[in-house]
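File shown here: data_37.tsv, holding TSV, C-alpha atoms and all ligand atoms.
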```
chain	number	residue	atom	x	y	z
E	101	MET	CA	0.00	0.00	0.00
E	102	ALA	CA	1.24	3.47	-0.84
E	103	SER	CA	2.34	5.53	2.15
E	104	ARG	CA	0.68	8.87	2.94
E	105	ILE	CA	3.67	10.84	1.63
E	106	GLU	CA	3.60	8.81	-1.63
E	107	VAL	CA	-0.10	9.54	-2.10
E	108	LEU	CA	0.55	13.25	-1.44
E	109	TRP	CA	3.52	13.29	-3.84
E	110	LYS	CA	1.51	11.66	-6.64
E	111	LEU	CA	-1.35	14.12	-6.27
E	112	ALA	CA	1.09	17.06	-6.13
E	113	LEU	CA	2.67	15.82	-9.39
E	114	LYS	CA	-0.78	15.58	-10.98
E	115	THR	CA	-1.95	18.96	-9.67
E	116	PHE	CA	1.12	20.88	-10.75
E	117	SER	CA	2.11	19.02	-13.90
E	118	GLY	CA	3.18	21.64	-16.47
E	119	SER	CA	3.12	24.45	-13.89
E	120	LYS	CA	6.08	26.19	-15.53
E	121	THR	CA	4.32	26.64	-18.84
E	122	SER	CA	2.63	29.97	-19.52
E	123	ASN	CA	-0.80	28.47	-20.24
E	124	TYR	CA	-0.86	26.38	-17.03
E	125	LYS	CA	-4.03	26.72	-15.00
E	126	ILE	CA	-4.23	25.09	-11.62
E	127	CYS	CA	-7.03	22.55	-11.16
E	128	LEU	CA	-8.72	23.87	-8.04
E	129	LYS	CA	-10.37	20.54	-7.34
E	130	ASN	CA	-6.99	18.83	-7.17
E	131	PHE	CA	-5.55	21.67	-5.11
E	132	GLU	CA	-8.40	21.25	-2.61
E	133	LYS	CA	-7.73	17.50	-2.45
E	134	LEU	CA	-4.06	18.21	-1.91
E	135	LYS	CA	-4.90	20.46	1.04
E	136	CYS	CA	-6.96	17.65	2.59
E	137	LEU	CA	-4.16	15.14	2.07
E	138	ILE	CA	-1.38	17.31	3.49
E	139	ASN	CA	-3.52	17.93	6.59
E	140	GLU	CA	-3.27	14.18	7.31
E	141	ILE	CA	0.53	14.15	7.17
E	142	ASN	CA	2.41	13.85	10.44
E	143	ALA	CA	6.08	13.85	11.47
E	144	GLU	CA	6.21	10.05	11.41
E	145	ASP	CA	5.12	9.96	7.75
E	146	VAL	CA	8.24	11.90	6.76
E	147	TYR	CA	10.62	10.33	9.29
E	148	VAL	CA	11.11	13.41	11.43
E	149	ASP	CA	11.59	11.64	14.75
E	150	LYS	CA	13.16	12.56	18.09
E	151	LYS	CA	16.61	11.66	16.76
E	152	VAL	CA	16.30	14.20	13.91
E	153	LEU	CA	14.85	16.91	16.19
E	154	ASP	CA	17.59	16.35	18.80
E	155	TYR	CA	20.19	16.57	16.07
E	156	VAL	CA	18.77	19.92	14.90
E	157	ASN	CA	18.84	21.21	18.49
E	158	ASN	CA	22.46	20.25	19.01
E	159	GLN	CA	24.02	21.63	15.83
E	160	SER	CA	24.80	25.29	15.14
E	161	ALA	CA	22.62	26.29	12.14
E	162	PRO	CA	19.38	28.16	12.98
E	163	MET	CA	17.49	26.04	10.46
E	164	CYS	CA	17.91	22.62	8.88
E	165	ALA	CA	16.40	21.66	5.53
E	166	ILE	CA	15.57	18.23	4.15
E	167	ASP	CA	14.95	17.88	0.42
E	168	VAL	CA	12.34	15.19	-0.11
E	169	PHE	CA	11.67	15.54	-3.84
E	170	GLU	CA	12.13	18.00	-6.67
E	171	ASN	CA	11.41	17.95	-10.39
E	172	GLN	CA	10.60	20.72	-12.86
E	173	ASP	CA	7.05	21.10	-11.44
E	174	ILE	CA	7.23	20.66	-7.67
E	175	THR	CA	9.47	20.84	-4.63
E	176	ILE	CA	8.73	18.89	-1.48
E	177	ALA	CA	10.96	19.78	1.46
E	178	ILE	CA	11.00	19.83	5.25
E	179	PHE	CA	12.34	22.78	7.23
E	180	ILE	CA	13.19	22.58	10.91
E	181	LEU	CA	13.71	25.73	12.97
E	182	LYS	CA	15.23	25.96	16.43
E	183	THR	CA	13.30	27.76	19.18
E	184	GLY	CA	13.45	31.55	18.79
E	185	VAL	CA	14.67	31.42	15.19
E	186	THR	CA	12.87	33.45	12.51
E	187	LEU	CA	12.97	32.42	8.88
E	188	PRO	CA	13.16	35.95	7.43
E	189	LEU	CA	10.40	37.45	5.30
E	190	HIS	CA	10.69	36.01	1.78
E	191	ASP	CA	8.61	35.47	-1.33
E	192	HIS	CA	7.62	32.59	-3.60
E	193	PRO	CA	7.50	34.24	-7.04
E	194	GLU	CA	4.40	33.21	-8.95
E	195	MET	CA	4.23	30.02	-6.95
E	196	HIS	CA	1.55	28.05	-5.14
E	197	GLY	CA	2.47	26.53	-1.83
E	198	LEU	CA	1.24	24.48	1.09
E	199	LEU	CA	2.93	24.52	4.46
E	200	LYS	CA	2.02	21.91	7.05
E	201	VAL	CA	3.48	22.13	10.55
E	202	ILE	CA	4.35	18.61	11.75
E	203	SER	CA	6.18	19.38	14.99
E	204	GLY	CA	6.53	22.29	17.42
E	205	VAL	CA	4.75	25.63	17.24
E	206	VAL	CA	5.38	28.50	14.80
E	207	LYS	CA	4.05	32.00	14.27
E	208	ILE	CA	3.44	32.90	10.65
E	209	ASP	CA	3.23	36.48	9.41
E	210	SER	CA	2.00	36.61	5.83
E	211	TYR	CA	1.82	39.46	3.36
E	212	SER	CA	0.14	39.92	-0.01
E	213	ILE	CA	1.51	42.29	-2.59
E	214	GLU	CA	-0.79	43.85	-5.10
E	215	SER	CA	1.40	43.97	-8.16
E	216	TYR	CA	4.13	41.46	-8.63
E	217	ARG	CA	5.79	43.66	-11.21
E	218	ASP	CA	6.49	46.25	-8.47
E	219	LYS	CA	8.77	43.80	-6.80
E	220	VAL	CA	11.23	43.28	-9.59
E	221	SER	CA	11.52	46.82	-10.94
E	222	ASP	CA	13.64	48.68	-8.40
E	223	LYS	CA	15.32	47.16	-5.40
E	224	ASN	CA	15.22	50.38	-3.39
E	225	LYS	CA	11.63	51.23	-4.14
E	226	GLY	CA	9.01	50.43	-1.54
E	227	ILE	CA	6.45	47.81	-2.44
E	228	ALA	CA	2.89	48.20	-1.24
E	229	ALA	CA	1.66	45.14	0.62
E	230	VAL	CA	-1.08	44.07	2.95
E	231	LYS	CA	-0.18	42.37	6.20
E	232	HIS	CA	-2.44	39.54	7.28
E	233	SER	CA	-2.92	38.85	10.97
E	234	SER	CA	-0.30	36.65	12.61
E	235	THR	CA	-1.26	33.04	13.10
E	236	ILE	CA	0.08	30.56	15.61
E	237	ILE	CA	0.27	27.10	14.06
E	238	LYS	CA	0.96	23.67	15.52
E	239	HIS	CA	0.80	20.14	14.15
E	240	THR	CA	-2.93	19.77	14.73
E	241	ASP	CA	-3.72	22.84	12.57
E	242	PRO	CA	-4.49	22.68	8.85
E	243	ALA	CA	-1.87	23.61	6.28
E	244	CYS	CA	-1.24	27.25	5.38
E	245	VAL	CA	-1.84	28.05	1.74
E	246	LEU	CA	-0.09	30.60	-0.45
E	247	THR	CA	-0.85	31.51	-4.04
E	248	PRO	CA	0.86	33.85	-6.53
E	249	PHE	CA	-1.28	36.69	-5.15
E	250	LEU	CA	-2.49	35.72	-1.70
E	251	LYS	CA	-0.11	35.45	1.26
E	252	ASN	CA	2.77	34.94	-1.15
E	253	LEU	CA	5.30	36.37	1.31
E	254	HIS	CA	5.84	35.13	4.81
E	255	GLU	CA	8.05	35.18	7.85
E	256	ILE	CA	8.08	32.15	10.13
E	257	THR	CA	9.12	32.25	13.78
E	258	CYS	CA	9.64	29.17	15.88
E	259	LEU	CA	7.88	29.63	19.23
E	260	GLU	CA	8.35	26.07	20.48
E	261	GLY	CA	11.04	24.09	18.83
E	262	PRO	CA	12.43	22.48	17.10
E	263	ALA	CA	9.49	23.21	14.83
E	264	ALA	CA	9.25	21.27	11.59
E	265	PHE	CA	7.06	21.97	8.60
E	266	LEU	CA	6.52	20.25	5.29
E	267	ASP	CA	6.46	22.49	2.22
E	268	VAL	CA	4.97	21.66	-1.16
E	269	LEU	CA	5.80	24.40	-3.67
E	270	SER	CA	5.11	24.76	-7.36
E	271	PRO	CA	6.91	25.60	-9.55
E	272	PRO	CA	10.21	25.17	-7.69
E	273	TYR	CA	12.57	28.08	-7.12
E	274	ASP	CA	14.46	27.80	-10.34
E	275	THR	CA	18.20	27.83	-10.01
E	276	GLY	CA	19.34	28.25	-13.55
E	277	ASP	CA	22.73	29.14	-14.99
E	278	TYR	CA	25.15	31.31	-13.04
E	279	GLY	CA	23.22	30.70	-9.84
E	280	LYS	CA	20.54	33.21	-10.83
E	281	GLY	CA	17.27	31.51	-11.49
E	282	LYS	CA	14.10	32.68	-13.14
E	283	ARG	CA	12.37	32.57	-9.81
E	284	PRO	CA	14.92	33.72	-7.26
E	285	CYS	CA	13.81	33.94	-3.64
E	286	THR	CA	13.95	37.56	-2.43
E	287	PHE	CA	14.09	38.59	1.20
E	288	PHE	CA	12.26	41.69	2.40
E	289	LYS	CA	11.98	44.01	5.35
E	290	VAL	CA	9.00	46.06	6.42
E	291	VAL	CA	9.84	49.77	6.24
E	292	THR	CA	6.54	51.52	6.82
E	293	ILE	CA	3.81	50.34	9.10
E	294	ASN	CA	0.52	52.12	8.92
E	295	GLU	CA	-0.98	52.13	12.40
E	296	ILE	CA	-4.58	52.47	11.31
E	297	SER	CA	-4.60	49.91	8.49
E	298	ASP	CA	-2.94	46.70	7.39
E	299	ASN	CA	-1.08	48.44	4.58
E	300	VAL	CA	2.71	48.30	4.77
E	301	GLN	CA	5.67	49.09	2.57
E	302	LEU	CA	8.33	46.47	1.96
E	303	VAL	CA	11.79	46.72	0.46
E	304	ALA	CA	14.00	43.94	-0.80
E	305	THR	CA	16.92	43.22	1.48
E	306	ASP	CA	19.83	40.84	1.83
E	307	ILE	CA	19.33	37.73	3.85
E	308	PRO	CA	20.52	38.44	7.42
E	309	SER	CA	24.06	37.11	7.84
E	310	THR	CA	23.04	35.32	11.03
E	311	PHE	CA	20.52	33.21	9.16
E	312	TYR	CA	21.71	30.11	7.36
E	313	SER	CA	20.60	26.59	6.85
E	314	LYS	CA	22.13	23.14	7.09
E	315	SER	CA	21.01	20.40	4.80
E	316	LEU	CA	20.05	16.99	6.23
E	317	ASN	CA	19.28	13.71	4.49
E	318	TYR	CA	15.72	12.51	4.08
E	319	MET	CA	15.35	9.34	6.12
E	320	GLY	CA	12.37	7.91	4.23
E	321	GLN	CA	12.18	5.93	1.01
E	322	PRO	CA	13.08	8.12	-1.97
E	323	LEU	CA	9.98	9.16	-3.95
E	324	ARG	CA	10.28	7.89	-7.52
E	401	FE	FE	8.41	30.13	2.40
```
Is it possible to express this structure as structure tokens?
Amino acid sequence: MASRIEVLWKLALKTFSGSKTSNYKICLKNFEKLKCLINEINAEDVYVDKKVLDYVNNQSAPMCAIDVFENQDITIAIFILKTGVTLPLHDHPEMHGLLKVISGVVKIDSYSIESYRDKVSDKNKGIAAVKHSSTIIKHTDPACVLTPFLKNLHEITCLEGPAAFLDVLSPPYDTGDYGKGKRPCTFFKVVTINEISDNVQLVATDIPSTFYSKSLNYMGQPLR
């Protein structure tokens, strides 16, 4: 019998097949099914056990990352943050994503930007965005969803760690030639907060030098 992660992987492949092509349109029915499936996934399904969590706690990187699967359409990965660590505010250019917490507790601050074109034009120019209310998420909560327009940017803080979450993203961040992909991940900082509304201004920024990630092996059966 197929394991839960295999079933999720197969449906993610089906849902996002051809996602890099310009005429791709997501099948909302499949996306809904995918949300239901990822909500059933737990730490055991992806082999994130006490040994892995203890390892993360006892090494020096603020975050560890486990690549589970990647092809031209999807990325499946697990990220594990130590207590108090914040994965800085970043985007997922023109991507869909699901984020399921499988261990620990995180706070997620999401932002939506109105025009994606604003982002790429001028690095020093402020980008108008809307901040959504912070959410505290643990393993019993449903997956967080991001789309090219809604909640596409987020910052994730580990309140009780190590906190692990499973990410399904499509299309993948594309690392092309010369290390500069078509879909590079950009980090942002909030420069203007409007006290009487949820409107903020963001500017692109370098990733904080204190933040880095260590890569760990996936302990489960390879998906193929
Ligand atoms: Fe993210």
For this session: List all protein, DNA and RNA residues that have any atom at most 9 Å from ligand FE 401 (chain E), counting all atoms listed in the file, and write the list as a ChimeraX atom specification.
Result: /E:187,189-192,197,199,246,252-256,267,269,285
Exercise. Which residue gives the smallest distance to Ala229 (chain E) among E:Val290, E:Val206, E:Ile307, E:Ile176, with all atoms listed in the file counted?
Worked result: E:Val290
Exercise. To one decimal place, how far is CA of Gln159 (chain E) from CA of Ala304 (chain E) in Å?
Worked result: 29.6 Å
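Relative to CA of Lys120 (chain E), CA of Val201 (chain E) is found at 26.5 Å.
Among the candidates E:Thr115, E:Ser210, E:Ser160, E:Ser203, the one nearest to Phe179 (chain E) when counting all atoms listed in the file is E:Ser203.
Minimum distance to Ser234 (chain E) across E:Glu132, E:Asp167, E:Asp298, E:Glu260 (counting all atoms listed in the file) occurs at E:Asp298.
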Seminar exercise, completed: What separates CA of Val268 (chain E) and CA of Leu128 (chain E) is a distance of 15.5 Å
For this session: Compile the contact shell of Leu259 (chain E) as a ChimeraX atom specification: residues with an atom at most 8 Å away, counting all atoms listed in the file, same-chain residues fewer than 4 positions apart removed.
Result: /E:183-184,204-207,263
Exercise. Taking (4.2, 21.7, -10.5) in the file's coordinates as the center, which residues reach within 9 Å of it, counting only C-alpha atoms, put as a ChimeraX atom specification?
Worked result: /E:112-120,171-175,196,269-272
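With distances restricted to all atoms listed in the file, E:Trp109 is the closest residue to Ile141 (chain E) from E:Tyr155, E:Tyr211, E:Phe287, E:Trp109.
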Would you compute an axis-aligned box for region 133-136 of chain E, covering every atom listed for it in the file with 8 Å of margin on each side, and report centre and edge lengths in Å to one decimal as lines of an AutoDock Vina configuration file?
```
center_x = -5.9
center_y = 19.0
center_z = 0.1
size_x = 19.7
size_y = 19.0
size_z = 21.0
```
Exercise. Which one is closest to Gly261 (chain E): E:Ser215, E:Val156, E:Asp145, E:Thr235? Count all atoms listed in the file.
Worked result: E:Val156
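Considering all atoms listed in the file, the residue among E:Ser309, E:Ile126, E:Lys289, E:Leu316 positioned nearest to Leu153 (chain E) is E:Leu316.
Residues in contact with Gly320 (chain E) at up to 9 Å, not including ones fewer than 6 positions away on its chain and judged by only C-alpha atoms, are Asp145, Val146, Tyr147 and Val168 of chain E.
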Write out, as an mmCIF file, in the coordinates of the input, the residues just selected, with C-alpha atoms.
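File written: part_38.cif
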```cif
data_model
loop_
_atom_site.group_PDB
_atom_site.id
_atom_site.type_symbol
_atom_site.label_atom_id
_atom_site.label_comp_id
_atom_site.auth_asym_id
_atom_site.auth_seq_id
_atom_site.Cartn_x
_atom_site.Cartn_y
_atom_site.Cartn_z
ATOM 1 C CA ASP E 145 5.120 9.960 7.750
ATOM 2 C CA VAL E 146 8.240 11.900 6.760
ATOM 3 C CA TYR E 147 10.620 10.330 9.290
ATOM 4 C CA VAL E 168 12.340 15.190 -0.110
#
```
For Pro242 (chain E), work out the shell of residues within 9 Å, counting only C-alpha atoms and skipping chain neighbours fewer than 6 positions away, then give it as a JSON list (two decimals) with C-alpha atoms, in the coordinates of the input.
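And here's selection.json as it stands now:
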```json
[["chain", "number", "residue", "atom", "x", "y", "z"],
["E", 135, "LYS", "CA", -4.90, 20.46, 1.04],
["E", 136, "CYS", "CA", -6.96, 17.65, 2.59],
["E", 138, "ILE", "CA", -1.38, 17.31, 3.49],
["E", 139, "ASN", "CA", -3.52, 17.93, 6.59],
["E", 140, "GLU", "CA", -3.27, 14.18, 7.31],
["E", 199, "LEU", "CA", 2.93, 24.52, 4.46],
["E", 200, "LYS", "CA", 2.02, 21.91, 7.05],
["E", 201, "VAL", "CA", 3.48, 22.13, 10.55]]
```
